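Here's start34.pdb, which has PDB, C-alpha atoms and all ligand atoms:
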```pdb
ATOM      1  CA  MET U  13      20.319  47.560   2.054
ATOM      2  CA  PRO U  14      16.590  47.764   3.000
ATOM      3  CA  SER U  15      14.668  50.128   0.728
ATOM      4  CA  SER U  16      12.804  53.019   2.359
ATOM      5  CA  PRO U  17       9.014  53.333   1.904
ATOM      6  CA  PRO U  18       7.822  55.563  -0.957
ATOM      7  CA  PRO U  19       7.076  59.174  -0.005
ATOM      8  CA  PRO U  20       3.392  60.140   0.259
ATOM      9  CA  HIS U  21       1.716  60.891  -3.073
ATOM     10  CA  SER U  22       4.460  59.216  -5.103
ATOM     11  CA  ALA U  23       3.603  57.720  -8.470
ATOM     12  CA  THR U  24       3.269  54.328  -6.799
ATOM     13  CA  GLN U  25       0.590  55.497  -4.357
ATOM     14  CA  THR U  26      -3.025  56.201  -5.285
ATOM     15  CA  ARG U  27      -3.990  59.635  -4.030
ATOM     16  CA  ARG U  28      -7.067  59.558  -1.816
ATOM     17  CA  ILE U  29      -9.736  62.262  -2.024
ATOM     18  CA  LEU U  30     -12.309  62.762   0.725
ATOM     19  CA  VAL U  31     -15.773  64.005  -0.299
ATOM     20  CA  LEU U  32     -17.807  65.483   2.543
ATOM     21  CA  ASN U  33     -21.515  66.275   2.299
ATOM     22  CA  GLY U  34     -23.386  68.261   4.895
ATOM     23  CA  PRO U  35     -26.938  68.543   6.183
ATOM     24  CA  ASN U  36     -29.922  67.299   4.205
ATOM     25  CA  LEU U  37     -27.825  66.128   1.275
ATOM     26  CA  ASN U  38     -28.842  62.564   2.208
ATOM     27  CA  LEU U  39     -32.261  63.605   0.802
ATOM     28  CA  LEU U  40     -30.921  64.227  -2.695
ATOM     29  CA  GLY U  41     -32.973  62.648  -5.440
ATOM     30  CA  THR U  42     -36.097  62.501  -3.314
ATOM     31  CA  ARG U  43     -37.223  66.176  -3.236
ATOM     32  CA  GLU U  44     -36.619  69.496  -4.996
ATOM     33  CA  PRO U  45     -35.264  67.958  -8.250
ATOM     34  CA  ALA U  46     -35.759  71.302 -10.002
ATOM     35  CA  ILE U  47     -33.034  72.799  -7.806
ATOM     36  CA  TYR U  48     -30.782  69.860  -6.960
ATOM     37  CA  GLY U  49     -31.407  67.376  -9.797
ATOM     38  CA  SER U  50     -32.576  63.784  -9.568
ATOM     39  CA  ALA U  51     -29.272  62.060  -8.726
ATOM     40  CA  THR U  52     -29.017  60.574  -5.248
ATOM     41  CA  LEU U  53     -25.894  60.887  -3.122
ATOM     42  CA  ALA U  54     -25.161  57.228  -3.954
ATOM     43  CA  ASP U  55     -25.386  58.085  -7.679
ATOM     44  CA  ILE U  56     -22.904  60.931  -7.154
ATOM     45  CA  ALA U  57     -20.568  58.653  -5.193
ATOM     46  CA  ALA U  58     -20.665  56.141  -8.080
ATOM     47  CA  LEU U  59     -19.909  58.921 -10.612
ATOM     48  CA  LEU U  60     -16.949  60.083  -8.516
ATOM     49  CA  GLU U  61     -15.576  56.586  -8.010
ATOM     50  CA  ALA U  62     -15.698  55.952 -11.777
ATOM     51  CA  ARG U  63     -14.054  59.292 -12.676
ATOM     52  CA  GLY U  64     -11.583  58.810  -9.821
ATOM     53  CA  GLU U  65     -10.516  55.481 -11.267
ATOM     54  CA  GLU U  66      -9.836  57.149 -14.636
ATOM     55  CA  LEU U  67      -7.783  59.828 -12.888
ATOM     56  CA  GLY U  68      -5.932  57.382 -10.646
ATOM     57  CA  LEU U  69      -7.638  58.678  -7.513
ATOM     58  CA  GLU U  70      -9.361  56.800  -4.728
ATOM     59  CA  VAL U  71     -12.528  58.559  -3.633
ATOM     60  CA  GLU U  72     -14.291  58.214  -0.292
ATOM     61  CA  CYS U  73     -17.712  59.871   0.207
ATOM     62  CA  ARG U  74     -19.302  60.669   3.550
ATOM     63  CA  GLN U  75     -22.410  62.599   4.649
ATOM     64  CA  SER U  76     -23.429  64.014   8.007
ATOM     65  CA  ASN U  77     -26.208  66.252   9.253
ATOM     66  CA  HIS U  78     -23.979  67.320  12.166
ATOM     67  CA  GLU U  79     -21.574  70.250  12.014
ATOM     68  CA  GLY U  80     -19.255  68.725  14.643
ATOM     69  CA  VAL U  81     -18.921  65.495  12.668
ATOM     70  CA  LEU U  82     -17.934  67.467   9.550
ATOM     71  CA  LEU U  83     -15.352  69.335  11.670
ATOM     72  CA  ASP U  84     -13.934  66.055  13.024
ATOM     73  CA  TRP U  85     -13.678  64.590   9.525
ATOM     74  CA  LEU U  86     -11.871  67.708   8.259
ATOM     75  CA  GLN U  87      -9.434  67.654  11.176
ATOM     76  CA  GLN U  88      -8.694  63.940  10.725
ATOM     77  CA  ALA U  89      -8.421  63.983   6.925
ATOM     78  CA  GLU U  90      -4.653  64.473   6.749
ATOM     79  CA  SER U  91      -3.806  61.755   9.289
ATOM     80  CA  GLU U  92      -6.227  59.433   7.474
ATOM     81  CA  GLY U  93      -4.053  59.853   4.378
ATOM     82  CA  PHE U  94      -6.267  62.041   2.190
ATOM     83  CA  ALA U  95      -4.609  64.468  -0.241
ATOM     84  CA  SER U  96      -7.521  66.885  -0.532
ATOM     85  CA  VAL U  97     -11.166  67.352   0.386
ATOM     86  CA  LEU U  98     -14.250  68.201  -1.672
ATOM     87  CA  LEU U  99     -16.792  69.829   0.633
ATOM     88  CA  ASN U 100     -20.471  70.508   0.053
ATOM     89  CA  ALA U 101     -21.315  71.829   3.496
ATOM     90  CA  GLY U 102     -24.988  72.387   2.570
ATOM     91  CA  ALA U 103     -26.560  75.211   4.581
ATOM     92  CA  TYR U 104     -23.563  75.259   6.977
ATOM     93  CA  THR U 105     -21.751  76.910   4.058
ATOM     94  CA  HIS U 106     -23.589  80.118   4.908
ATOM     95  CA  THR U 107     -23.470  79.948   8.721
ATOM     96  CA  SER U 108     -20.420  78.109   9.977
ATOM     97  CA  ILE U 109     -17.405  80.119  11.088
ATOM     98  CA  ALA U 110     -16.295  76.846  12.718
ATOM     99  CA  LEU U 111     -15.974  75.236   9.265
ATOM    100  CA  LEU U 112     -14.088  78.296   8.008
ATOM    101  CA  ASP U 113     -11.657  77.995  10.941
ATOM    102  CA  ALA U 114     -11.232  74.240  10.396
ATOM    103  CA  ILE U 115     -10.487  74.656   6.683
ATOM    104  CA  ARG U 116      -7.914  77.339   7.545
ATOM    105  CA  ALA U 117      -6.443  75.153  10.298
ATOM    106  CA  ILE U 118      -5.793  72.059   8.230
ATOM    107  CA  ALA U 119      -2.953  71.699   5.755
ATOM    108  CA  LEU U 120      -5.032  69.999   3.056
ATOM    109  CA  PRO U 121      -6.644  71.913   0.184
ATOM    110  CA  VAL U 122     -10.423  72.018   0.363
ATOM    111  CA  ILE U 123     -12.561  72.572  -2.751
ATOM    112  CA  GLU U 124     -16.064  73.953  -2.137
ATOM    113  CA  VAL U 125     -18.821  72.224  -4.118
ATOM    114  CA  HIS U 126     -22.494  73.083  -4.688
ATOM    115  CA  LEU U 127     -25.110  71.470  -6.888
ATOM    116  CA  SER U 128     -26.992  74.731  -7.319
ATOM    117  CA  ASP U 129     -25.483  78.193  -7.740
ATOM    118  CA  PRO U 130     -26.080  79.871  -4.370
ATOM    119  CA  SER U 131     -25.166  83.288  -5.822
ATOM    120  CA  GLN U 132     -28.276  83.061  -8.056
ATOM    121  CA  ARG U 133     -30.577  82.154  -5.177
ATOM    122  CA  GLU U 134     -31.816  83.879  -2.006
ATOM    123  CA  GLU U 135     -29.632  86.645  -0.557
ATOM    124  CA  PHE U 136     -28.878  84.574   2.578
ATOM    125  CA  ARG U 137     -27.074  82.017   0.397
ATOM    126  CA  HIS U 138     -24.702  84.588  -1.095
ATOM    127  CA  LEU U 139     -22.316  84.568   1.873
ATOM    128  CA  SER U 140     -20.055  81.499   1.969
ATOM    129  CA  TYR U 141     -17.780  80.984   4.968
ATOM    130  CA  VAL U 142     -16.489  77.815   3.304
ATOM    131  CA  GLY U 143     -15.593  79.790   0.183
ATOM    132  CA  MET U 144     -13.480  82.210   2.261
ATOM    133  CA  ALA U 145     -11.041  79.399   3.039
ATOM    134  CA  ALA U 146     -11.460  76.956   0.138
ATOM    135  CA  VAL U 147      -8.826  76.908  -2.625
ATOM    136  CA  ASP U 148     -11.534  76.701  -5.285
ATOM    137  CA  THR U 149     -15.329  76.578  -5.746
ATOM    138  CA  VAL U 150     -17.396  74.623  -8.272
ATOM    139  CA  GLN U 151     -21.127  75.316  -8.279
ATOM    140  CA  GLY U 152     -24.270  75.338 -10.371
ATOM    141  CA  LEU U 153     -23.535  72.225 -12.449
ATOM    142  CA  GLY U 154     -25.689  69.744 -10.533
ATOM    143  CA  ALA U 155     -23.973  66.400  -9.889
ATOM    144  CA  GLN U 156     -21.338  67.427 -12.442
ATOM    145  CA  SER U 157     -20.079  70.038  -9.948
ATOM    146  CA  TYR U 158     -18.560  67.179  -7.939
ATOM    147  CA  VAL U 159     -16.925  65.639 -11.021
ATOM    148  CA  VAL U 160     -15.376  68.972 -12.059
ATOM    149  CA  ALA U 161     -14.183  69.505  -8.474
ATOM    150  CA  LEU U 162     -12.589  66.046  -8.532
ATOM    151  CA  GLU U 163     -10.789  66.900 -11.780
ATOM    152  CA  ARG U 164      -9.503  70.094 -10.153
ATOM    153  CA  ALA U 165      -8.362  68.109  -7.115
ATOM    154  CA  ALA U 166      -6.493  65.779  -9.472
ATOM    155  CA  ALA U 167      -4.667  68.788 -10.925
ATOM    156  CA  LEU U 168      -3.577  70.151  -7.534
TER
HETATM  157  O1  LIG I   1     -26.473  73.674  -3.962
HETATM  158  C1  LIG I   1     -25.962  73.075  -3.030
HETATM  159  O2  LIG I   1     -25.261  72.062  -3.170
HETATM  160  C2  LIG I   1     -26.234  73.543  -1.583
HETATM  161  O3  LIG I   1     -25.056  73.334  -0.824
HETATM  162  C3  LIG I   1     -27.375  72.700  -1.075
HETATM  163  C4  LIG I   1     -27.840  73.106   0.317
HETATM  164  C5  LIG I   1     -28.136  74.608   0.355
HETATM  165  O4  LIG I   1     -28.447  74.986   1.686
HETATM  166  C6  LIG I   1     -26.956  75.433  -0.135
HETATM  167  O5  LIG I   1     -27.339  76.792  -0.136
HETATM  168  C7  LIG I   1     -26.559  75.035  -1.532
HETATM  169  C8  LIG I   1     -29.119  72.373   0.705
HETATM  170  C9  LIG I   1     -29.012  70.893   0.623
HETATM  171  C10 LIG I   1     -30.384  70.337   0.865
HETATM  172  O6  LIG I   1     -30.536  69.223   0.043
HETATM  173  C11 LIG I   1     -31.807  68.779  -0.213
HETATM  174  C12 LIG I   1     -31.902  67.747  -1.100
HETATM  175  C13 LIG I   1     -33.137  67.266  -1.440
HETATM  176  C14 LIG I   1     -34.276  67.805  -0.873
HETATM  177  C15 LIG I   1     -34.161  68.854  -0.001
HETATM  178  C16 LIG I   1     -32.917  69.331   0.339
END
```

Would you mind writing the file's structure down as structure tokens?
Amino acid sequence: MPSSPPPPHSATQTRRILVLNGPNLNLLGTREPAIYGSATLADIAALLEARGEELGLEVECRQSNHEGVLLDWLQQAESEGFASVLLNAGAYTHTSIALLDAIRAIALPVIEVHLSDPSQREEFRHLSYVGMAAVDTVQGLGAQSYVVALERAAAL
């Protein structure tokens, strides 16, 4: 009798985690190290890949300066086989009802990530549309915020 394929997320399948970075995060490591640290986005991707390997997760990192691209990636994440999403939406965190709607619309859990702690910064950063829909938020730990968020995604 032919055997059926394993169900998604079985022990035999590596869970895939999508890491999305929003506007200006491609500049990390070049400016404002006092706020965002000196790690580049490539450094963070390397950290996540290494920790992901330890946790048995496959990590894919993407960055876009365009809100619509972030929305498309969120909408496609489930059909692309990802189990959850880590999202640092940059300044769109504080402005984008479209991202809030997308996170609510998709079935996958989204964890909000920030390098800095927006609640300790200017008033306009205190509102987070992403945080209204995310299952969890990790912020204020610099590059380590992403690693902690990945560990939480592993536990989901
Ligand atoms: O702390 C975070 O991760 C933020 O999401 C970063 C956003 C900011 O708008 C959020 O309030 C908090 C800004 C990302 C800009 O990144 C830069 C990196 C280097 C130089 C300049 C900007």

message: Just want the residues within 10 Å of ligand LIG 1 (chain I), written as a ChimeraX atom specification, counting only C-alpha atoms and all ligand atoms.
response: /U:33-53,99-107,124-131,133-134,136-140,150-155,157-158

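Around Ala57 (chain U), within 12 Å and counting all atoms listed in the file, the residues found are Ile29, Leu30, Val31, Leu32, Asn33, Asn38, Ala51, Thr52, Ala62, Arg63, Gly64, Glu70, Val71, Glu72, Cys73, Arg74, Gln75, Leu98, Ala155, Gln156, Tyr158, Val159 and Leu162 of chain U, once anything fewer than 5 positions away on its own chain is removed.
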
field: Nearest residue to Leu86 (chain U) from the set U:Ala146, U:Ala119, U:Ala58, U:Ala114 (distances using only C-alpha atoms)
entry: U:Ala114

Residues around (-7.7, 62.6, 8.0), cut-off 12 Å, counting only C-alpha atoms - what are they as a PDB file with C-alpha atoms, in the frame of the given file?
```pdb
ATOM      1  CA  ARG U  28      -7.067  59.558  -1.816  1.00  0.00           C
ATOM      2  CA  ILE U  29      -9.736  62.262  -2.024  1.00  0.00           C
ATOM      3  CA  LEU U  30     -12.309  62.762   0.725  1.00  0.00           C
ATOM      4  CA  VAL U  31     -15.773  64.005  -0.299  1.00  0.00           C
ATOM      5  CA  LEU U  32     -17.807  65.483   2.543  1.00  0.00           C
ATOM      6  CA  GLU U  72     -14.291  58.214  -0.292  1.00  0.00           C
ATOM      7  CA  LEU U  82     -17.934  67.467   9.550  1.00  0.00           C
ATOM      8  CA  LEU U  83     -15.352  69.335  11.670  1.00  0.00           C
ATOM      9  CA  ASP U  84     -13.934  66.055  13.024  1.00  0.00           C
ATOM     10  CA  TRP U  85     -13.678  64.590   9.525  1.00  0.00           C
ATOM     11  CA  LEU U  86     -11.871  67.708   8.259  1.00  0.00           C
ATOM     12  CA  GLN U  87      -9.434  67.654  11.176  1.00  0.00           C
ATOM     13  CA  GLN U  88      -8.694  63.940  10.725  1.00  0.00           C
ATOM     14  CA  ALA U  89      -8.421  63.983   6.925  1.00  0.00           C
ATOM     15  CA  GLU U  90      -4.653  64.473   6.749  1.00  0.00           C
ATOM     16  CA  SER U  91      -3.806  61.755   9.289  1.00  0.00           C
ATOM     17  CA  GLU U  92      -6.227  59.433   7.474  1.00  0.00           C
ATOM     18  CA  GLY U  93      -4.053  59.853   4.378  1.00  0.00           C
ATOM     19  CA  PHE U  94      -6.267  62.041   2.190  1.00  0.00           C
ATOM     20  CA  ALA U  95      -4.609  64.468  -0.241  1.00  0.00           C
ATOM     21  CA  SER U  96      -7.521  66.885  -0.532  1.00  0.00           C
ATOM     22  CA  VAL U  97     -11.166  67.352   0.386  1.00  0.00           C
ATOM     23  CA  ILE U 118      -5.793  72.059   8.230  1.00  0.00           C
ATOM     24  CA  ALA U 119      -2.953  71.699   5.755  1.00  0.00           C
ATOM     25  CA  LEU U 120      -5.032  69.999   3.056  1.00  0.00           C
TER      26      LEU U 120
END
```

field: U:Val147, U:Ser108, U:Val81, U:Arg27 ranked by distance to Leu69 (chain U), top pick (using only C-alpha atoms)
entry: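 That would be U:Arg27, the residue with the smallest distance to Leu69 (chain U).
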
- prompt: Between CA of Ile109 (chain U) and CA of Ala54 (chain U), what is the distance, to one decimal in Å?
  reply: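 Computing it gives 28.5 Å between the two atoms.
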
If I wrap all listed atoms of region 113-122 of chain U in a box with edges along x, y and z and add 4 Å on each side, what are its centre and edge lengths in Å to one decimal, as JSON?
```
{"center_x": -7.3, "center_y": 74.0, "center_z": 5.6, "size_x": 16.7, "size_y": 16.0, "size_z": 18.8}
```

message: If I take CA of Gln25 (chain U) and CA of Ala167 (chain U), how far is one from the other in Å, to one decimal?
response: 15.7 Å

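Pairwise distance (CA of Ala165 (chain U), CA of Leu60 (chain U)) equals 11.8 Å.
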